[in-house]
Amino acid sequence: MASLAPTTPWTEGAKDDYRGCPVTTLKVDMHTERLIIANAVMAVVTLALGGIAALLIALTRWQAIHLLPAVWFYRLLTLHGIDMLIAWIVFFEMAGLHFGSTILLNARHAAPKLAWTGFIMMTVGGLMANAVVLFDPNSNVMFSAYVPMKAHPLFYLSYILFAVGALITVITFFINIVTAKREGRFTGSLPLVVFGLMTAAILATYTLLEGAAAIVPAFFWSLGILAEYDPGIYRNFFWGFGHPAQQVNLAAMVSIWYALAQMTVGIRPVNEKFSRLAFILYLFFINLGSAHHLLVDPGLSFAWKAVNTSYAMYLAVLGSMMHAFSIPAALEIALRAKGYRKGLFGWLRNAPWGEPGFSALVLSMFLFGWIGGVTGVTIGTEQINMLVHNTLRLPGHFHATVVSGTTLAFMGFTYYVIPLIFRKELKLKSWAKWQPYIFGFGMLLTSMGMIVSGLQGVARRNWDITFAGVVPGTVEISLAVFGVGAILAVIGGIMYVTIVLTSILTGPRLEASNLLLLTGTHNPIIDSTKLTDHQMEDKQNQPKGALVLVFAFLVWFAIYYFTNWWLLGRTWFIR
Amino acid sequence: MLAPEKNWWKPMGRMEKSWLTVAFVWCVFLTVMMPLWYFYGKQNVPTETYKTSPADYGAKVNAFVEQYTIGTDEATGFPIVAAPPGSDVYIRASTWQWYPILQLEKGQEYRLHISSMDLQHGFSLQPVNINLQVIPGYDYVATITPTSAGEFTIVCNEYCFVGHHTMVGKVFVTEEK
Ligand code: HEM
Ligand SMILES: [Cu+2]
Ligand SMILES: [Cu+2]
């Protein structure tokens, strides 16, 4: 049976600098605590900056409002991409890596100095990128900064600083794990959540190296030291970094899903082998995905693109489909074991919907899979991409993955970090209860609005679509849906930032006494250790509902997928 | 979140196995669809590409325009160019215009060349919704057959600095003769 109690004391002779967590009984290294706080604060700050930009650009793209002048639209769009996709997500993940490599292993932080160096570099890089984009007239080049569009050299330098800082943090993750193992903090295998984070960290390592391969030459090119930089090669390297970076987000998000499921419902993974195998599939195949962004580029053969875009037979997609069953199944078994056995979905009706960690988990999984995943696989199909490339369908897809999926999961997780790591009482609890729903629903409308507009030909990164005079009138409707959704999502975002800031800035330090925030005083983590093999295997507890859900998902997937082939078949002949 | 039991290498349950099998079959199917369409479908992503330079490409475009111009577009002052079916036709992308204006015939095949003189641009033909990346230094050749007639618009859908949204071009397609 898995154990919660700390095992061995810190290394002989080393000064004890840890506290025991009263809720989980885990050891919390004080270095880790401070590192998590610093990274989480930067994450929330950059989310707020990116969120202000989000509101303004969304109200510009909603053609009926068309708020900003063109220059400011492009500038804030560049800023939005950087602050959201790079800063917010990566800072949060770094906090997660510190958490996973020490606290979850009952271990100490073995390289705090190095970790702070990484953090400072990331912070300087992140803030510098914001400043350059805002104040330099030529650096509104979007976060992808396609060569030969030339930004200020400091723009590239800020990327390099940020990436190297992140790489250093990732290295401390590995140092911590090795140290923990050597010092006997844990025996046997890593916990599943740490295993998932390890997948993310390994992916992050080569992702960041490839990022350097793209950006370092661009830096020298912007200085005039390098005379020429082939734009095709830049694209290849840039997406060799940009796409796997999304898989880092994916692996981190799935790890957080497992954590949230355990923290709010008390699941036991149904089959550790199954879940771990799914992570391993990410590790091996997901790096091929950079081709997704190059599907309609000149100079690449069909065979290269087809093999790469499908991750050698969609094996990474298979990984996600495995998690898509394994997590709902584990939730179902745990809830059935509590006695909620009526019908196929009685367990779902009795789930803790008022607990923000649970609602964030379910909405994140649903939106990520049903919208983000299905659209992603479809538009990543070599030929279908021709209908989609650089239309609004693209941002529609990734606002369902990295926003409705990853961001929402991270938001839900934050609410537990506040009492457990910041040691502050969570304020505005009733807001926290509604926040995942408002953000999730807003984002659903946002991405649907984008997808439907894009289907009608509306381009992404475009200040005024009416110039073209080709978009049909129905676009006004889909853009209005998008606009209303964006406003809702921004309200959800403001609620999140307000809850976090109010909680951490006001009130005294308070040791947490309870894991659940809103729905009870029992401790699901302890509950999960009491789930017996017998209960897991009981006929009455089998996850029939989850199986129905995944099959329904597959049907929807197939419908969307074939509709797109049909659409492709109606356009001009081309080869 | 907790360390697993010592021995977590257990056989998968019946449900896991069946879902894994079905999901795997679906993945194989997704994979097979691409080569199937490649051989039997009528819409495939062009792959023919030549290295070029802005100077060379610009010269080709000018020669093409000189040879086949049939008129001038009132609104833009750009030449309207109609080459015989089956021939090579050229479009030049630069900040912020698509040059010249092509006139094609429905049901006929053309070898459409696209390249950029400066930044990357996005060739987005509307409303048929065909989207291709345009990269300087690469002459991208799409063999196309219009299956509908009328006036079509080329939108730039790769960001190319502040005039990006003004970068629109035109293609005319006449009915089959
Ligand atoms: C409050 C919610 C949000 C709203 C309303 C929103 C809205 C938008 C809009 C309107 C665009 C521009 C689409 C275009 O014209 O091409 C955009 C782009 C983008 N968004 Fe968001 N967004 C939100 C949150 C996020 C988050 C949390 C992330 C990342 C984690 C994110 C990542 C991106 C990226 C990467 C782009 C593309 C930028 C580019 O094309 O260079 N967004 N978003
Ligand atoms: Cu352009
Ligand atoms: Cu453009």
# chains A, B, ... in the order shown; residues from 1 in each chain; ligands from 1
$ select_by_dssp --residues "segment 4-167 of chain B" --states "strand (DSSP E or B)" --output "ChimeraX atom specification"
/B:43,49-51,69-72,79-81,88-94,97-99,101-105,110-116,121-126,130-134,138-145,150-156
$ residues_around --residues "segment 99-109 of chain B" --least-positions-apart "3" --cutoff "10 Å" --atoms "only C-alpha atoms" --output "PyMOL selection string"
(chain A and resi 572-574) or (chain B and resi 61-62+64-65+68-73+76-94+96+112+143-154+168-177)
$ residues_around --residues "segment 45-62 of chain A" --least-positions-apart "6" --cutoff "7 Å" --atoms "only C-alpha atoms" --output "number ranges by chain"
A: 68, 73, 76-77, 79-80, 83-84, 87-88, 463, 479-480, 483, 486-487, 490, 497
$ atom_distance --atom1 "atom CA of Glu48 of chain B" --atom2 "atom CA of Tyr140 of chain B"
6.3 Å
$ residues_near_ligand --ligand "ligand 3" --cutoff "7 Å" --atoms "only C-alpha atoms and all ligand atoms" --output "list of chain:residue names"
B:His121, B:Gly122, B:Cys156, B:Asn157, B:Glu158, B:Tyr159, B:Cys160, B:Phe161, B:His164, B:His165, B:Met167
$ closest_residue --among "A:Thr502, A:Asn308, A:Thr519, A:Asn462" --to "ligand 2" --atoms "only C-alpha atoms and all ligand atoms"
A:Asn462
$ atom_distance --atom1 "atom 3 (C, counted along the ligand's line) of ligand 1" --atom2 "atom CA of Gly165 of chain A"
26.1 Å
$ atom_distance --atom1 "atom CA of Arg268 of chain A" --atom2 "atom CA of Ala351 of chain A"
15.8 Å
$ select_by_dssp --residues "chain B" --states "helix (DSSP H, G or I)" --output "PyMOL selection string"
chain B and resi 14-40+54-68+164-166
$ interface_residues --of "chain B" --to "chain A" --cutoff "7 Å" --atoms "only C-alpha atoms" --output "mmCIF file with C-alpha atoms, in the first residue's frame"
data_model
loop_
_atom_site.group_PDB
_atom_site.id
_atom_site.type_symbol
_atom_site.label_atom_id
_atom_site.label_comp_id
_atom_site.auth_asym_id
_atom_site.auth_seq_id
_atom_site.Cartn_x
_atom_site.Cartn_y
_atom_site.Cartn_z
ATOM 1 C CA MET B 1 0.622 11.413 -6.452
ATOM 2 C CA LEU B 2 1.720 8.661 -4.180
ATOM 3 C CA ALA B 3 4.374 6.102 -4.829
ATOM 4 C CA PRO B 4 2.791 3.083 -6.443
ATOM 5 C CA GLU B 5 2.786 -0.281 -4.793
ATOM 6 C CA LYS B 6 5.912 -2.308 -5.239
ATOM 7 C CA TRP B 8 2.398 -2.225 -10.286
ATOM 8 C CA TRP B 9 3.133 -4.158 -13.452
ATOM 9 C CA LYS B 10 -0.256 -5.796 -13.692
ATOM 10 C CA MET B 12 -4.640 -4.616 -18.083
ATOM 11 C CA LEU B 20 -6.717 0.351 -26.347
ATOM 12 C CA ALA B 23 -8.147 3.463 -30.200
ATOM 13 C CA PHE B 24 -5.206 1.829 -31.904
ATOM 14 C CA CYS B 27 -4.995 5.605 -35.151
ATOM 15 C CA VAL B 28 -4.023 3.191 -37.904
ATOM 16 C CA THR B 31 -2.625 7.150 -40.729
ATOM 17 C CA MET B 34 -3.350 10.305 -45.832
ATOM 18 C CA LYS B 42 -8.007 15.418 -56.059
ATOM 19 C CA GLN B 43 -6.809 17.905 -53.466
ATOM 20 C CA ASN B 44 -3.277 17.373 -52.297
ATOM 21 C CA VAL B 45 -0.719 19.749 -50.896
ATOM 22 C CA PRO B 46 1.700 20.747 -53.655
ATOM 23 C CA THR B 47 5.285 19.677 -53.110
ATOM 24 C CA GLU B 48 7.035 20.909 -56.253
ATOM 25 C CA THR B 49 9.515 23.558 -55.188
ATOM 26 C CA LEU B 119 8.899 38.627 -46.001
ATOM 27 C CA GLN B 126 -11.125 32.773 -50.838
ATOM 28 C CA PRO B 127 -13.837 31.664 -50.724
ATOM 29 C CA VAL B 128 -12.496 28.299 -51.893
ATOM 30 C CA ASN B 129 -10.281 28.364 -48.815
ATOM 31 C CA ILE B 130 -6.971 27.064 -50.127
ATOM 32 C CA ASN B 131 -4.069 28.170 -47.930
ATOM 33 C CA LEU B 132 -0.361 27.922 -48.693
ATOM 34 C CA GLN B 133 2.734 29.361 -47.059
ATOM 35 C CA ILE B 135 8.486 31.932 -48.329
ATOM 36 C CA TYR B 138 11.325 29.305 -52.586
ATOM 37 C CA TYR B 140 6.351 26.985 -54.836
ATOM 38 C CA ALA B 142 0.843 24.363 -57.277
ATOM 39 C CA THR B 143 -0.825 22.542 -60.123
ATOM 40 C CA ILE B 144 -4.393 23.741 -59.883
ATOM 41 C CA THR B 145 -7.667 23.261 -61.706
ATOM 42 C CA PRO B 146 -10.399 25.761 -60.819
ATOM 43 C CA THR B 147 -13.683 23.951 -60.393
ATOM 44 C CA THR B 153 -9.709 36.945 -53.613
ATOM 45 C CA VAL B 155 -5.886 37.277 -48.729
ATOM 46 C CA ASN B 157 -2.812 35.240 -43.946
ATOM 47 C CA GLU B 158 0.753 35.289 -42.733
ATOM 48 C CA TYR B 159 1.460 38.359 -40.676
ATOM 49 C CA VAL B 162 1.279 46.557 -40.126
ATOM 50 C CA HIS B 165 -4.550 43.137 -43.622
ATOM 51 C CA THR B 166 -4.454 45.395 -46.705
ATOM 52 C CA VAL B 168 -5.419 41.422 -50.964
#
$ residues_around --residues "Thr169 of chain A" --least-positions-apart "5" --cutoff "10 Å" --atoms "only C-alpha atoms" --output "MDAnalysis selection string"
chainID A and resid 94:95 97:98 111:112 114:119 122 163:164 174:175 201
$ write_last_selection --atoms "N, CA and C atoms" --output "PDB file, in the first residue's frame"
ATOM      1  N   MET A  94       7.351  25.399 -14.202  1.00  0.00           N
ATOM      2  CA  MET A  94       8.565  25.350 -13.392  1.00  0.00           C
ATOM      3  C   MET A  94       8.194  25.163 -11.922  1.00  0.00           C
ATOM      4  N   ALA A  95       7.138  25.862 -11.482  1.00  0.00           N
ATOM      5  CA  ALA A  95       6.654  25.655 -10.114  1.00  0.00           C
ATOM      6  C   ALA A  95       6.284  24.184  -9.932  1.00  0.00           C
ATOM      7  N   LEU A  97       7.478  21.603 -11.524  1.00  0.00           N
ATOM      8  CA  LEU A  97       8.659  20.731 -11.497  1.00  0.00           C
ATOM      9  C   LEU A  97       9.307  20.762 -10.117  1.00  0.00           C
ATOM     10  N   HIS A  98       9.393  21.954  -9.507  1.00  0.00           N
ATOM     11  CA  HIS A  98       9.962  22.027  -8.156  1.00  0.00           C
ATOM     12  C   HIS A  98       9.124  21.205  -7.181  1.00  0.00           C
ATOM     13  N   ALA A 111      19.375  21.760  -5.375  1.00  0.00           N
ATOM     14  CA  ALA A 111      20.115  22.787  -6.118  1.00  0.00           C
ATOM     15  C   ALA A 111      19.386  24.127  -6.102  1.00  0.00           C
ATOM     16  N   PRO A 112      19.114  24.649  -4.898  1.00  0.00           N
ATOM     17  CA  PRO A 112      18.326  25.885  -4.849  1.00  0.00           C
ATOM     18  C   PRO A 112      19.006  27.070  -5.533  1.00  0.00           C
ATOM     19  N   LEU A 114      21.015  27.146  -8.105  1.00  0.00           N
ATOM     20  CA  LEU A 114      20.848  27.003  -9.548  1.00  0.00           C
ATOM     21  C   LEU A 114      19.412  27.330  -9.942  1.00  0.00           C
ATOM     22  N   ALA A 115      18.483  26.856  -9.135  1.00  0.00           N
ATOM     23  CA  ALA A 115      17.071  27.088  -9.445  1.00  0.00           C
ATOM     24  C   ALA A 115      16.747  28.578  -9.413  1.00  0.00           C
ATOM     25  N   TRP A 116      17.331  29.300  -8.460  1.00  0.00           N
ATOM     26  CA  TRP A 116      17.086  30.750  -8.418  1.00  0.00           C
ATOM     27  C   TRP A 116      17.711  31.442  -9.617  1.00  0.00           C
ATOM     28  N   THR A 117      18.884  30.975 -10.020  1.00  0.00           N
ATOM     29  CA  THR A 117      19.491  31.552 -11.223  1.00  0.00           C
ATOM     30  C   THR A 117      18.541  31.399 -12.402  1.00  0.00           C
ATOM     31  N   GLY A 118      18.010  30.197 -12.546  1.00  0.00           N
ATOM     32  CA  GLY A 118      17.072  29.959 -13.635  1.00  0.00           C
ATOM     33  C   GLY A 118      15.875  30.879 -13.540  1.00  0.00           C
ATOM     34  N   PHE A 119      15.344  31.004 -12.345  1.00  0.00           N
ATOM     35  CA  PHE A 119      14.161  31.843 -12.158  1.00  0.00           C
ATOM     36  C   PHE A 119      14.458  33.298 -12.525  1.00  0.00           C
ATOM     37  N   MET A 122      14.694  33.763 -16.249  1.00  0.00           N
ATOM     38  CA  MET A 122      13.371  33.726 -16.879  1.00  0.00           C
ATOM     39  C   MET A 122      12.604  35.026 -16.638  1.00  0.00           C
ATOM     40  N   ALA A 163      14.695  31.088 -22.182  1.00  0.00           N
ATOM     41  CA  ALA A 163      14.840  29.660 -22.482  1.00  0.00           C
ATOM     42  C   ALA A 163      15.971  29.032 -21.677  1.00  0.00           C
ATOM     43  N   VAL A 164      17.085  29.755 -21.557  1.00  0.00           N
ATOM     44  CA  VAL A 164      18.189  29.188 -20.793  1.00  0.00           C
ATOM     45  C   VAL A 164      17.783  29.069 -19.323  1.00  0.00           C
ATOM     46  N   PHE A 174      15.988  17.280 -12.579  1.00  0.00           N
ATOM     47  CA  PHE A 174      16.680  15.981 -12.651  1.00  0.00           C
ATOM     48  C   PHE A 174      17.634  15.808 -11.477  1.00  0.00           C
ATOM     49  N   ILE A 175      18.333  16.893 -11.109  1.00  0.00           N
ATOM     50  CA  ILE A 175      19.251  16.813  -9.966  1.00  0.00           C
ATOM     51  C   ILE A 175      18.476  16.379  -8.722  1.00  0.00           C
ATOM     52  N   ALA A 201       9.630  17.041 -18.407  1.00  0.00           N
ATOM     53  CA  ALA A 201      10.970  17.616 -18.270  1.00  0.00           C
ATOM     54  C   ALA A 201      11.909  17.116 -19.366  1.00  0.00           C
TER      55      ALA A 201
END
$ closest_residue --among "B:Tyr110, B:Phe29, B:Trp98, B:Trp19" --to "ligand 2" --atoms "only C-alpha atoms and all ligand atoms"
B:Trp98
$ residues_around --residues "Gly396 of chain A" --least-positions-apart "3" --cutoff "10 Å" --atoms "only C-alpha atoms" --output "NGL selection string"
:A and (371-372 or 375-376 or 391-393 or 399-401 or 443-454 or 460 or 482)
